[in-house]
>>> print(open('structure_9.txt').read())   # compact mmCIF, C-alpha atoms
# COMPACT_ATOMS: atom_id res chain seq x y z
CA MET Q 1 13.25 12.31 6.99
CA ARG Q 2 16.67 10.91 7.88
CA ARG Q 3 15.30 9.74 11.22
CA LEU Q 4 12.40 7.88 9.62
CA SER Q 5 12.57 4.17 10.50
CA LEU Q 6 12.36 1.36 7.99
CA THR Q 7 8.75 0.83 9.08
CA GLY Q 8 8.05 4.49 8.39
CA TRP Q 9 9.61 4.26 4.94
CA ILE Q 10 7.46 1.20 4.20
CA PHE Q 11 4.33 3.20 5.11
CA VAL Q 12 5.47 6.03 2.84
CA ALA Q 13 6.17 3.57 0.02
CA MET Q 14 2.73 1.99 0.42
CA GLY Q 15 1.07 5.41 0.09
CA VAL Q 16 3.15 6.29 -2.97
CA GLY Q 17 2.44 2.87 -4.51
CA ILE Q 18 -1.33 3.22 -4.06
CA LEU Q 19 -1.30 6.74 -5.53
CA TRP Q 20 0.86 5.62 -8.45
CA GLY Q 21 -1.41 2.66 -9.19
CA VAL Q 22 -4.49 4.91 -9.26
CA VAL Q 23 -3.02 7.85 -11.20
CA SER Q 24 -0.95 5.95 -13.74
CA PRO Q 25 -1.86 2.24 -13.89
CA GLU Q 26 0.01 1.78 -17.19
CA THR Q 27 3.38 2.81 -15.77
CA ALA Q 28 2.65 1.19 -12.39
CA GLY Q 29 2.38 -2.18 -14.10
CA ALA Q 30 5.98 -1.82 -15.25
CA LEU Q 31 7.11 -1.93 -11.60
CA GLN Q 32 6.44 -5.67 -11.38
CA PRO Q 33 10.16 -6.58 -11.81
CA VAL Q 34 11.09 -4.43 -8.79
CA SER Q 35 8.60 -6.31 -6.61
CA ASN Q 36 9.73 -9.67 -8.04
CA ILE Q 37 13.42 -8.94 -7.38
CA PHE Q 38 12.69 -8.05 -3.76
CA LEU Q 39 10.64 -11.20 -3.18
CA ARG Q 40 13.28 -13.37 -4.90
CA LEU Q 41 15.94 -11.95 -2.59
CA VAL Q 42 13.72 -12.63 0.40
CA LYS Q 43 13.15 -16.23 -0.70
CA SER Q 44 16.92 -16.69 -0.97
CA ILE Q 45 17.12 -16.06 2.78
CA ILE Q 46 14.64 -18.70 3.92
CA ALA Q 47 16.43 -22.07 3.56
CA PRO Q 48 19.89 -21.18 4.98
CA LEU Q 49 18.38 -19.05 7.75
CA LEU Q 50 15.98 -21.78 8.85
CA PHE Q 51 18.64 -24.47 8.72
CA GLY Q 52 21.20 -22.43 10.65
CA THR Q 53 18.88 -21.14 13.37
CA LEU Q 54 17.02 -24.42 13.92
CA VAL Q 55 20.09 -26.68 14.04
CA TYR Q 56 21.96 -24.32 16.34
CA GLY Q 57 18.87 -23.77 18.48
CA ILE Q 58 18.34 -27.51 19.02
CA ALA Q 59 21.95 -28.62 19.25
CA GLY Q 60 22.88 -25.56 21.34
CA THR Q 61 20.49 -26.60 24.11
CA GLY Q 62 21.84 -30.15 24.16
CA ASP Q 63 18.48 -31.20 25.57
CA ILE Q 64 16.35 -33.35 23.25
CA LYS Q 65 13.68 -33.81 25.92
CA ALA Q 66 13.27 -30.03 26.19
CA MET Q 67 12.76 -29.72 22.44
CA GLY Q 68 10.20 -32.53 22.50
CA ARG Q 69 8.35 -30.76 25.28
CA ILE Q 70 8.41 -27.50 23.36
CA GLY Q 71 7.11 -29.28 20.24
CA VAL Q 72 4.14 -30.77 22.11
CA LYS Q 73 3.26 -27.44 23.69
CA ALA Q 74 3.50 -25.66 20.35
CA ILE Q 75 1.23 -28.18 18.56
CA VAL Q 76 -1.36 -28.05 21.37
CA TYR Q 77 -1.40 -24.25 21.18
CA PHE Q 78 -1.63 -24.29 17.36
CA GLU Q 79 -4.63 -26.62 17.37
CA ILE Q 80 -6.55 -24.64 19.99
CA VAL Q 81 -6.06 -21.25 18.34
CA THR Q 82 -6.71 -22.38 14.75
CA THR Q 83 -9.90 -24.16 15.87
CA VAL Q 84 -11.10 -20.94 17.53
CA ALA Q 85 -10.30 -19.08 14.28
CA LEU Q 86 -12.36 -21.55 12.23
CA PHE Q 87 -15.42 -21.24 14.43
CA LEU Q 88 -15.12 -17.47 14.72
CA GLY Q 89 -15.24 -17.25 10.92
CA LEU Q 90 -18.19 -19.64 10.88
CA GLY Q 91 -20.12 -17.55 13.39
CA ILE Q 92 -19.48 -14.22 11.67
CA VAL Q 93 -20.34 -15.42 8.16
CA ASN Q 94 -23.65 -16.85 9.43
CA LEU Q 95 -24.40 -13.60 11.25
CA VAL Q 96 -23.53 -11.16 8.46
CA LYS Q 97 -24.46 -13.41 5.48
CA PRO Q 98 -22.27 -11.55 2.95
CA GLY Q 99 -23.08 -14.01 0.14
CA GLU Q 100 -26.83 -13.40 0.10
CA GLY Q 101 -28.10 -11.66 -3.03
CA MET Q 102 -25.10 -12.65 -5.14
CA LYS Q 103 -26.03 -15.28 -7.73
CA LEU Q 104 -23.34 -17.72 -8.77
CA GLU Q 105 -23.68 -19.47 -12.12
CA ALA Q 106 -23.54 -23.23 -12.06
CA GLY Q 107 -20.86 -25.13 -13.95
CA PRO Q 108 -17.17 -25.87 -13.53
CA ALA Q 109 -14.68 -23.03 -13.47
CA GLU Q 110 -11.69 -23.54 -15.71
CA GLY Q 111 -8.09 -22.69 -14.94
CA LEU Q 112 -8.58 -22.85 -11.19
CA PRO Q 113 -6.33 -24.50 -8.62
CA GLN Q 114 -7.38 -28.05 -7.88
CA ALA Q 115 -6.90 -29.76 -4.55
CA HIS Q 116 -6.04 -33.42 -4.77
CA ALA Q 117 -3.73 -34.06 -1.83
CA THR Q 118 -5.08 -36.39 0.84
CA LEU Q 119 -4.11 -36.22 4.50
CA THR Q 120 -1.83 -39.22 3.96
CA ALA Q 121 -0.15 -37.48 1.03
CA VAL Q 122 0.37 -34.31 3.07
CA LEU Q 123 1.94 -36.31 5.92
CA GLU Q 124 4.18 -38.18 3.49
CA HIS Q 125 5.19 -34.92 1.81
CA THR Q 126 6.31 -33.57 5.20
CA PHE Q 127 9.43 -35.75 5.16
CA PRO Q 128 12.13 -34.81 2.62
CA ALA Q 129 13.70 -37.29 0.23
CA SER Q 130 16.46 -34.74 -0.33
CA VAL Q 131 17.16 -31.68 1.79
CA VAL Q 132 18.79 -30.04 -1.24
CA ASP Q 133 15.59 -30.48 -3.24
CA ALA Q 134 13.53 -29.18 -0.29
CA MET Q 135 15.71 -26.08 -0.03
CA ALA Q 136 15.61 -25.50 -3.79
CA LYS Q 137 11.80 -25.70 -3.82
CA GLY Q 138 11.34 -23.73 -0.59
CA GLU Q 139 9.55 -26.57 1.19
CA VAL Q 140 9.55 -24.99 4.65
CA LEU Q 141 8.09 -27.94 6.54
CA GLN Q 142 10.54 -30.41 4.98
CA ILE Q 143 13.45 -28.14 5.90
CA VAL Q 144 12.13 -27.94 9.47
CA VAL Q 145 11.86 -31.74 9.76
CA PHE Q 146 15.36 -32.29 8.38
CA ALA Q 147 16.91 -29.54 10.53
CA PHE Q 148 15.15 -30.83 13.64
CA LEU Q 149 16.48 -34.37 13.14
CA PHE Q 150 19.91 -33.06 12.14
CA GLY Q 151 20.06 -30.83 15.23
CA ALA Q 152 18.94 -33.70 17.44
CA ALA Q 153 21.73 -35.86 16.00
CA CYS Q 154 24.27 -33.11 16.69
CA ALA Q 155 23.03 -32.81 20.28
CA ALA Q 156 23.27 -36.59 20.76
CA ILE Q 157 26.85 -36.77 19.45
CA GLY Q 158 27.96 -33.94 21.68
CA GLN Q 159 31.46 -32.49 21.38
CA LYS Q 160 32.24 -34.20 18.08
CA ALA Q 161 29.50 -32.13 16.44
CA ALA Q 162 30.82 -28.85 17.86
CA PRO Q 163 32.33 -27.64 14.54
CA VAL Q 164 29.01 -28.25 12.76
CA VAL Q 165 27.05 -26.44 15.47
CA THR Q 166 29.50 -23.53 15.40
CA PHE Q 167 29.13 -23.35 11.61
CA CYS Q 168 25.33 -23.24 11.94
CA GLU Q 169 25.57 -20.47 14.54
CA SER Q 170 27.80 -18.47 12.20
CA LEU Q 171 25.51 -19.21 9.25
CA ALA Q 172 22.52 -17.87 11.21
CA GLU Q 173 24.39 -14.67 12.12
CA VAL Q 174 25.53 -14.15 8.52
CA MET Q 175 21.98 -14.63 7.26
CA PHE Q 176 20.62 -12.10 9.74
CA ARG Q 177 23.12 -9.55 8.39
CA TYR Q 178 22.21 -10.59 4.83
CA THR Q 179 18.57 -10.04 5.76
CA LYS Q 180 19.40 -6.54 7.00
CA TYR Q 181 20.86 -5.69 3.59
CA VAL Q 182 17.87 -7.14 1.73
CA MET Q 183 15.45 -5.21 3.96
CA TYR Q 184 16.95 -1.94 2.72
CA MET Q 185 15.05 -2.76 -0.48
CA ALA Q 186 11.77 -3.33 1.37
CA PRO Q 187 10.25 0.13 0.73
CA PHE Q 188 10.95 -0.22 -3.01
CA GLY Q 189 9.65 -3.79 -3.18
CA VAL Q 190 6.56 -3.06 -1.09
CA GLY Q 191 5.75 0.16 -2.95
CA ALA Q 192 6.09 -1.57 -6.31
CA ALA Q 193 3.92 -4.52 -5.19
CA ILE Q 194 1.14 -2.21 -4.00
CA ALA Q 195 1.30 -0.12 -7.18
CA VAL Q 196 1.07 -3.19 -9.41
CA THR Q 197 -1.86 -4.64 -7.41
CA VAL Q 198 -3.85 -1.39 -7.55
CA SER Q 199 -3.09 -0.92 -11.25
CA LYS Q 200 -4.38 -4.42 -12.09
CA LYS Q 201 -7.35 -4.72 -9.74
CA GLY Q 202 -8.34 -1.11 -9.14
CA PHE Q 203 -10.86 -0.08 -6.51
CA ALA Q 204 -13.83 -1.11 -8.63
CA VAL Q 205 -13.16 -4.77 -7.90
CA LEU Q 206 -14.14 -4.16 -4.28
CA VAL Q 207 -17.64 -2.85 -5.13
CA PRO Q 208 -19.54 -6.12 -5.87
CA LEU Q 209 -17.67 -8.00 -3.15
CA GLY Q 210 -17.27 -5.11 -0.73
CA LYS Q 211 -19.39 -6.78 1.93
CA LEU Q 212 -17.21 -9.88 1.87
CA VAL Q 213 -14.01 -7.85 2.08
CA LEU Q 214 -15.36 -5.79 5.01
CA THR Q 215 -16.61 -8.93 6.75
CA MET Q 216 -13.23 -10.61 6.27
CA TYR Q 217 -11.29 -7.66 7.65
CA ALA Q 218 -13.72 -7.22 10.55
CA ALA Q 219 -13.41 -10.90 11.42
CA GLN Q 220 -9.61 -10.74 11.35
CA PHE Q 221 -9.70 -7.60 13.53
CA ILE Q 222 -11.98 -9.30 16.06
CA PHE Q 223 -9.71 -12.34 16.10
CA VAL Q 224 -6.61 -10.23 16.74
CA VAL Q 225 -8.19 -8.04 19.43
CA VAL Q 226 -10.38 -10.58 21.23
CA VAL Q 227 -8.72 -13.97 20.74
CA LEU Q 228 -5.04 -13.02 20.49
CA GLY Q 229 -5.63 -10.28 23.06
CA ALA Q 230 -7.00 -12.88 25.48
CA VAL Q 231 -3.97 -15.09 24.80
CA VAL Q 232 -1.64 -12.18 25.60
CA ALA Q 233 -3.48 -11.59 28.87
CA ILE Q 234 -3.67 -15.26 29.91
CA ALA Q 235 -0.01 -15.97 29.09
CA ARG Q 236 1.06 -12.60 30.54
CA VAL Q 237 3.05 -11.67 27.48
CA PRO Q 238 4.43 -8.13 27.91
CA LEU Q 239 2.28 -6.17 25.45
CA ARG Q 240 4.53 -3.21 24.60
CA PRO Q 241 7.68 -5.27 23.83
CA PHE Q 242 5.59 -7.73 21.83
CA PHE Q 243 4.00 -4.92 19.81
CA GLN Q 244 7.41 -3.46 19.05
CA ALA Q 245 8.74 -6.86 17.96
CA ALA Q 246 5.74 -7.93 15.86
CA LYS Q 247 4.74 -4.70 14.10
CA GLU Q 248 7.42 -4.81 11.38
CA PRO Q 249 6.88 -8.46 10.37
CA PHE Q 250 3.12 -7.80 10.44
CA LEU Q 251 3.46 -4.77 8.18
CA ILE Q 252 5.76 -6.56 5.74
CA ALA Q 253 3.34 -9.50 5.55
CA PHE Q 254 0.36 -7.19 5.03
CA SER Q 255 1.97 -5.09 2.33
CA THR Q 256 3.56 -7.95 0.37
CA ALA Q 257 0.95 -10.65 1.14
CA SER Q 258 3.94 -12.94 1.65
CA SER Q 259 4.61 -14.74 4.92
CA GLU Q 260 8.06 -15.66 3.58
CA ALA Q 261 8.96 -11.97 3.28
CA ALA Q 262 8.18 -11.47 6.96
CA LEU Q 263 9.93 -14.62 8.24
CA PRO Q 264 13.47 -13.25 8.67
CA LYS Q 265 12.29 -10.20 10.63
CA ALA Q 266 9.91 -12.32 12.70
CA LEU Q 267 12.75 -14.63 13.72
CA GLU Q 268 15.13 -11.77 14.48
CA ASN Q 269 12.66 -9.53 16.33
CA MET Q 270 11.19 -12.23 18.56
CA GLU Q 271 14.68 -13.33 19.59
CA ARG Q 272 15.57 -9.70 20.30
CA MET Q 273 12.43 -9.41 22.44
CA GLY Q 274 13.79 -12.13 24.72
CA VAL Q 275 12.35 -15.38 23.36
CA PRO Q 276 15.16 -17.97 23.43
CA LYS Q 277 16.68 -18.81 20.06
CA HIS Q 278 15.79 -22.52 20.17
CA ILE Q 279 12.10 -21.69 20.76
CA VAL Q 280 11.98 -19.04 18.02
CA ALA Q 281 13.79 -21.29 15.55
CA PHE Q 282 11.37 -24.17 16.11
CA VAL Q 283 7.97 -22.54 16.75
CA ILE Q 284 7.81 -19.94 13.96
CA PRO Q 285 8.79 -22.23 11.03
CA THR Q 286 6.52 -25.00 12.35
CA GLY Q 287 3.73 -22.48 12.78
CA TYR Q 288 4.04 -21.52 9.11
CA SER Q 289 2.49 -24.91 8.34
CA PHE Q 290 0.35 -25.62 11.42
CA ASN Q 291 -0.67 -22.23 12.82
CA LEU Q 292 -2.28 -20.33 9.94
CA ASP Q 293 -4.80 -18.39 12.03
CA GLY Q 294 -5.72 -15.85 9.36
CA SER Q 295 -6.00 -18.44 6.60
CA THR Q 296 -8.17 -20.85 8.61
CA LEU Q 297 -10.53 -18.03 9.58
CA TYR Q 298 -10.75 -16.99 5.92
CA LEU Q 299 -11.44 -20.56 4.76
CA SER Q 300 -14.42 -21.01 7.05
CA LEU Q 301 -15.79 -17.63 6.01
CA ALA Q 302 -15.19 -18.14 2.28
CA SER Q 303 -16.66 -21.65 2.08
CA ILE Q 304 -19.95 -20.60 3.69
CA PHE Q 305 -19.95 -17.41 1.59
CA VAL Q 306 -19.94 -19.52 -1.59
CA ALA Q 307 -22.84 -21.61 -0.29
CA GLN Q 308 -24.79 -18.43 0.51
CA ALA Q 309 -24.00 -16.92 -2.89
CA ALA Q 310 -25.21 -20.12 -4.59
CA GLY Q 311 -28.41 -20.14 -2.57
CA ILE Q 312 -27.53 -23.47 -0.94
CA GLU Q 313 -28.69 -23.90 2.64
CA LEU Q 314 -26.24 -25.89 4.74
CA SER Q 315 -27.34 -27.42 8.04
CA TRP Q 316 -25.26 -26.86 11.15
CA GLY Q 317 -24.19 -30.48 10.93
CA GLN Q 318 -22.92 -29.98 7.38
CA GLN Q 319 -21.14 -26.80 8.40
CA LEU Q 320 -19.45 -28.51 11.33
CA LEU Q 321 -18.38 -31.37 9.05
CA MET Q 322 -16.94 -28.76 6.65
CA MET Q 323 -15.03 -27.17 9.54
CA LEU Q 324 -13.56 -30.57 10.43
CA ALA Q 325 -12.44 -31.06 6.82
CA LEU Q 326 -10.86 -27.60 6.77
CA MET Q 327 -9.15 -28.28 10.10
CA LEU Q 328 -7.37 -31.27 8.55
CA THR Q 329 -6.66 -30.02 5.03
CA SER Q 330 -5.36 -26.60 6.09
CA LYS Q 331 -2.30 -28.18 7.74
CA GLY Q 332 1.03 -28.54 5.97
CA VAL Q 333 0.24 -26.70 2.72
CA ALA Q 334 1.77 -23.30 3.45
CA GLY Q 335 4.28 -23.73 0.63
CA VAL Q 336 1.61 -24.37 -2.03
CA PRO Q 337 1.03 -21.34 -4.31
CA ARG Q 338 -2.36 -19.82 -3.47
CA ALA Q 339 -2.69 -22.46 -0.78
CA SER Q 340 -5.97 -21.08 0.59
CA LEU Q 341 -7.60 -21.25 -2.85
CA VAL Q 342 -6.35 -24.81 -3.32
CA ILE Q 343 -7.90 -25.87 0.00
CA LEU Q 344 -11.10 -23.95 -0.75
CA ALA Q 345 -11.42 -25.60 -4.18
CA GLY Q 346 -11.12 -29.04 -2.61
CA THR Q 347 -13.69 -28.18 0.07
CA LEU Q 348 -16.21 -26.90 -2.47
CA ALA Q 349 -15.79 -30.05 -4.57
CA THR Q 350 -16.23 -32.29 -1.54
CA PHE Q 351 -19.45 -30.60 -0.46
CA LYS Q 352 -20.83 -30.22 -4.01
CA LEU Q 353 -20.68 -26.41 -3.96
CA PRO Q 354 -20.15 -24.48 -7.24
CA MET Q 355 -16.49 -24.08 -8.23
CA GLU Q 356 -17.49 -20.73 -9.71
CA GLY Q 357 -17.11 -19.46 -6.15
CA VAL Q 358 -13.35 -19.89 -6.38
CA ALA Q 359 -13.30 -17.88 -9.61
CA VAL Q 360 -15.16 -15.03 -7.92
CA LEU Q 361 -12.81 -15.02 -4.93
CA LEU Q 362 -9.76 -15.32 -7.19
CA GLY Q 363 -10.43 -11.79 -8.44
CA ILE Q 364 -10.05 -10.24 -4.99
CA ASP Q 365 -7.66 -12.79 -3.52
CA ALA Q 366 -4.80 -10.28 -3.41
CA VAL Q 367 -6.85 -7.96 -1.19
CA LEU Q 368 -7.97 -10.79 1.10
CA ASP Q 369 -4.50 -12.34 1.18
CA MET Q 370 -3.02 -9.21 2.76
CA ALA Q 371 -5.24 -9.60 5.84
CA ARG Q 372 -4.95 -13.35 6.28
CA THR Q 373 -1.17 -13.43 5.72
CA SER Q 374 -0.46 -10.63 8.20
CA VAL Q 375 -2.63 -12.32 10.85
CA ASN Q 376 -0.80 -15.62 10.17
CA VAL Q 377 2.52 -13.91 10.90
CA LEU Q 378 1.20 -12.11 13.97
CA GLY Q 379 -0.22 -15.37 15.33
CA ASN Q 380 3.10 -17.14 14.89
CA CYS Q 381 5.01 -14.34 16.59
CA LEU Q 382 2.63 -14.61 19.54
CA ALA Q 383 2.98 -18.41 19.56
CA THR Q 384 6.72 -18.11 20.25
CA ALA Q 385 6.05 -15.74 23.15
CA VAL Q 386 3.36 -18.03 24.59
CA VAL Q 387 5.56 -21.14 24.41
CA ALA Q 388 8.43 -19.18 25.97
CA ARG Q 389 6.17 -18.10 28.85
CA TRP Q 390 4.90 -21.66 29.14
CA GLU Q 391 8.51 -22.75 29.48
CA GLY Q 392 8.97 -20.21 32.27
CA TYR Q 393 10.84 -17.40 30.49
CA SER Q 394 10.07 -13.85 31.57
CA LEU Q 395 10.70 -12.38 28.06
CA ARG Q 396 12.72 -9.66 29.68
CA LYS Q 397 15.84 -11.76 30.07
CA GLN Q 398 16.60 -15.05 28.38
CA GLU Q 399 16.64 -16.85 31.69
CA PRO Q 400 13.96 -19.34 32.76
CA VAL Q 401 11.98 -18.36 35.83
CA GLN Q 402 10.59 -21.81 36.54
CA ALA Q 403 10.00 -24.28 33.71
CA GLY Q 404 6.36 -24.98 32.97
CA THR Q 405 4.97 -21.91 34.76
CA LEU Q 406 3.50 -18.60 33.68
CA ASN Q 407 4.82 -16.57 36.58
>>> encode(input="structure_9.txt", output="structure tokens")
Amino acid sequence: MRRLSLTGWIFVAMGVGILWGVVSPETAGALQPVSNIFLRLVKSIIAPLLFGTLVYGIAGTGDIKAMGRIGVKAIVYFEIVTTVALFLGLGIVNLVKPGEGMKLEAGPAEGLPQAHATLTAVLEHTFPASVVDAMAKGEVLQIVVFAFLFGAACAAIGQKAAPVVTFCESLAEVMFRYTKYVMYMAPFGVGAAIAVTVSKKGFAVLVPLGKLVLTMYAAQFIFVVVVLGAVVAIARVPLRPFFQAAKEPFLIAFSTASSEAALPKALENMERMGVPKHIVAFVIPTGYSFNLDGSTLYLSLASIFVAQAAGIELSWGQQLLMMLALMLTSKGVAGVPRASLVILAGTLATFKLPMEGVAVLLGIDAVLDMARTSVNVLGNCLATAVVARWEGYSLRKQEPVQAGTLN
């Protein structure tokens, strides 16, 4: 037992949490503070870790053109993969038709998240009015924008900014050690979160929507194996080192349904794998807003599921138009609580589908969120490796082979 890794302890805690939630749901519900404390500690890591790693990563290279090139490559990759995820979800939901036979009642659903942000508002919200406010609210994309510009300014100034860059390097190292201490609580936090979820939802909640849950998990599995597997093969990402680096962030994201909880380990493990720090520090945080593979797949599946459950036949043209809307609205809202439900609510309203569908999905959102969040994290880990290979790094040593190649 002493030799059991942190990942092993998390597995044990998950099993204990599930058993506790089933056997004694009353006492399991009292574990909510343990889960909340762990997640609060994790959230305390995000802002200083992002700022330190991103500023040092950009300023440490001293090459603004290189960072611009990396940014373009990352965005191109994000758009391709998330589009594939959308259409994979669309294909599977039309094939399986999980919503058929389930009658949704017409009428507005009260107390549901409402989507009101336009694309212009999302773009405007990307840029911080105050970095302190952005850090306090956990606005990841705003922190990334500020840190990117701040790091670029440090790189442009050169030697005069050396003390600031050194401070950011030290800050990043301190936060990684801080993360290590917080992660000692992971088995307790994860076990408590699982116990509370099972005690509240139970297994009965999966019965009426079991087909949707199975379809969702099958679709995510196909995406990981077929799509991400093809990306690994095409980019020649070393599979075994990548698996070792990504498994812990993936497990943390799955068990807590929180991409923020997995962020510190994702940053640390991908750098340890051999992805250069400036690529890791830029690609993963940016991907948290623009590369939500699991969430985009879920959105396409869930929106058509609601139409099927309501008995509304959508033409392929209408479905493609819905996919275009989802492609735009799913960007830049990772920090919104229950972001996928917010986007889904807006999509249903736009296409005159019953909002009752959101109420139905809200009941099992915790179960669905585990799959989509973990795939989000896995996709972002892979994105860093792909961009690093695209930049010519071997991922065995942090030395470029030949920039712009996949040798």
>>> residues_around(input="structure_9.txt", residues="Glu271 of chain Q", least_positions_apart="6", cutoff="10 Å", atoms="only C-alpha atoms", output="list in words")
Ala245, Lys265, Lys277, His278, Ile279, Val280, Ala281, Thr384, Ala385, Leu395 and Gln398 of chain Q
>>> residues_around(input="structure_9.txt", residues="Leu251 of chain Q", least_positions_apart="3", cutoff="12 Å", atoms="all atoms listed in the file", output="ChimeraX atom specification")
/Q:6-11,13-14,186-187,190,243-248,254-259,261-263,265-266,370-371,373-378
>>> closest_residue(input="structure_9.txt", among="Q:Ser35, Q:Val165, Q:Gly379, Q:Met270", to="Phe290 of chain Q", atoms="all atoms listed in the file")
Q:Gly379
>>> closest_residue(input="structure_9.txt", among="Q:Leu41, Q:Leu239, Q:Ala28, Q:Cys154", to="Tyr181 of chain Q", atoms="all atoms listed in the file")
Q:Leu41
>>> closest_residue(input="structure_9.txt", among="Q:Ala388, Q:Leu299, Q:Leu267, Q:Val231", to="Val81 of chain Q", atoms="all atoms listed in the file")
Q:Val231
>>> residues_around(input="structure_9.txt", residues="Val144 of chain Q", least_positions_apart="4", cutoff="8 Å", atoms="only C-alpha atoms", output="number ranges by chain")
Q: 50-51, 54, 140, 148, 282, 285-286
>>> write_last_selection(input="structure_9.txt", atoms="C-alpha atoms", output="CSV table (one decimal), in the frame of the given file")
chain,number,residue,atom,x,y,z
Q,50,LEU,CA,16.0,-21.8,8.8
Q,51,PHE,CA,18.6,-24.5,8.7
Q,54,LEU,CA,17.0,-24.4,13.9
Q,140,VAL,CA,9.6,-25.0,4.6
Q,148,PHE,CA,15.2,-30.8,13.6
Q,282,PHE,CA,11.4,-24.2,16.1
Q,285,PRO,CA,8.8,-22.2,11.0
Q,286,THR,CA,6.5,-25.0,12.4
>>> closest_residue(input="structure_9.txt", among="Q:Ala47, Q:Ala153, Q:Met327, Q:Val42", to="Lys137 of chain Q", atoms="all atoms listed in the file")
Q:Ala47
>>> decode(input="structure_9.txt", residues="segment 15-27 of chain Q", atoms="N, CA and C atoms", output="mmCIF file, in the first residue's frame")
data_model
loop_
_atom_site.group_PDB
_atom_site.id
_atom_site.type_symbol
_atom_site.label_atom_id
_atom_site.label_comp_id
_atom_site.auth_asym_id
_atom_site.auth_seq_id
_atom_site.Cartn_x
_atom_site.Cartn_y
_atom_site.Cartn_z
ATOM 1 N N GLY Q 15 -13.596 4.301 -5.673
ATOM 2 C CA GLY Q 15 -14.350 3.102 -5.303
ATOM 3 C C GLY Q 15 -15.016 3.246 -3.946
ATOM 4 N N VAL Q 16 -14.254 3.763 -2.975
ATOM 5 C CA VAL Q 16 -14.807 3.964 -1.630
ATOM 6 C C VAL Q 16 -15.939 4.983 -1.668
ATOM 7 N N GLY Q 17 -15.744 6.065 -2.447
ATOM 8 C CA GLY Q 17 -16.773 7.098 -2.545
ATOM 9 C C GLY Q 17 -18.066 6.572 -3.133
ATOM 10 N N ILE Q 18 -17.963 5.768 -4.210
ATOM 11 C CA ILE Q 18 -19.161 5.184 -4.823
ATOM 12 C C ILE Q 18 -19.881 4.278 -3.830
ATOM 13 N N LEU Q 19 -19.116 3.414 -3.149
ATOM 14 C CA LEU Q 19 -19.709 2.497 -2.173
ATOM 15 C C LEU Q 19 -20.377 3.261 -1.043
ATOM 16 N N TRP Q 20 -19.718 4.297 -0.555
ATOM 17 C CA TRP Q 20 -20.257 5.114 0.533
ATOM 18 C C TRP Q 20 -21.567 5.787 0.099
ATOM 19 N N GLY Q 21 -21.567 6.334 -1.118
ATOM 20 C CA GLY Q 21 -22.762 7.011 -1.607
ATOM 21 C C GLY Q 21 -23.956 6.086 -1.754
ATOM 22 N N VAL Q 22 -23.700 4.818 -2.088
ATOM 23 C CA VAL Q 22 -24.774 3.842 -2.251
ATOM 24 C C VAL Q 22 -25.271 3.337 -0.909
ATOM 25 N N VAL Q 23 -24.314 2.977 -0.019
ATOM 26 C CA VAL Q 23 -24.666 2.350 1.257
ATOM 27 C C VAL Q 23 -25.259 3.353 2.239
ATOM 28 N N SER Q 24 -24.659 4.544 2.302
ATOM 29 C CA SER Q 24 -25.112 5.519 3.291
ATOM 30 C C SER Q 24 -25.204 6.912 2.670
ATOM 31 N N PRO Q 25 -26.221 7.156 1.842
ATOM 32 C CA PRO Q 25 -26.325 8.462 1.165
ATOM 33 C C PRO Q 25 -26.479 9.630 2.124
ATOM 34 N N GLU Q 26 -27.079 9.394 3.311
ATOM 35 C CA GLU Q 26 -27.254 10.484 4.276
ATOM 36 C C GLU Q 26 -25.911 11.010 4.770
ATOM 37 N N THR Q 27 -25.034 10.094 5.184
ATOM 38 C CA THR Q 27 -23.718 10.532 5.675
ATOM 39 C C THR Q 27 -22.815 10.981 4.534
#
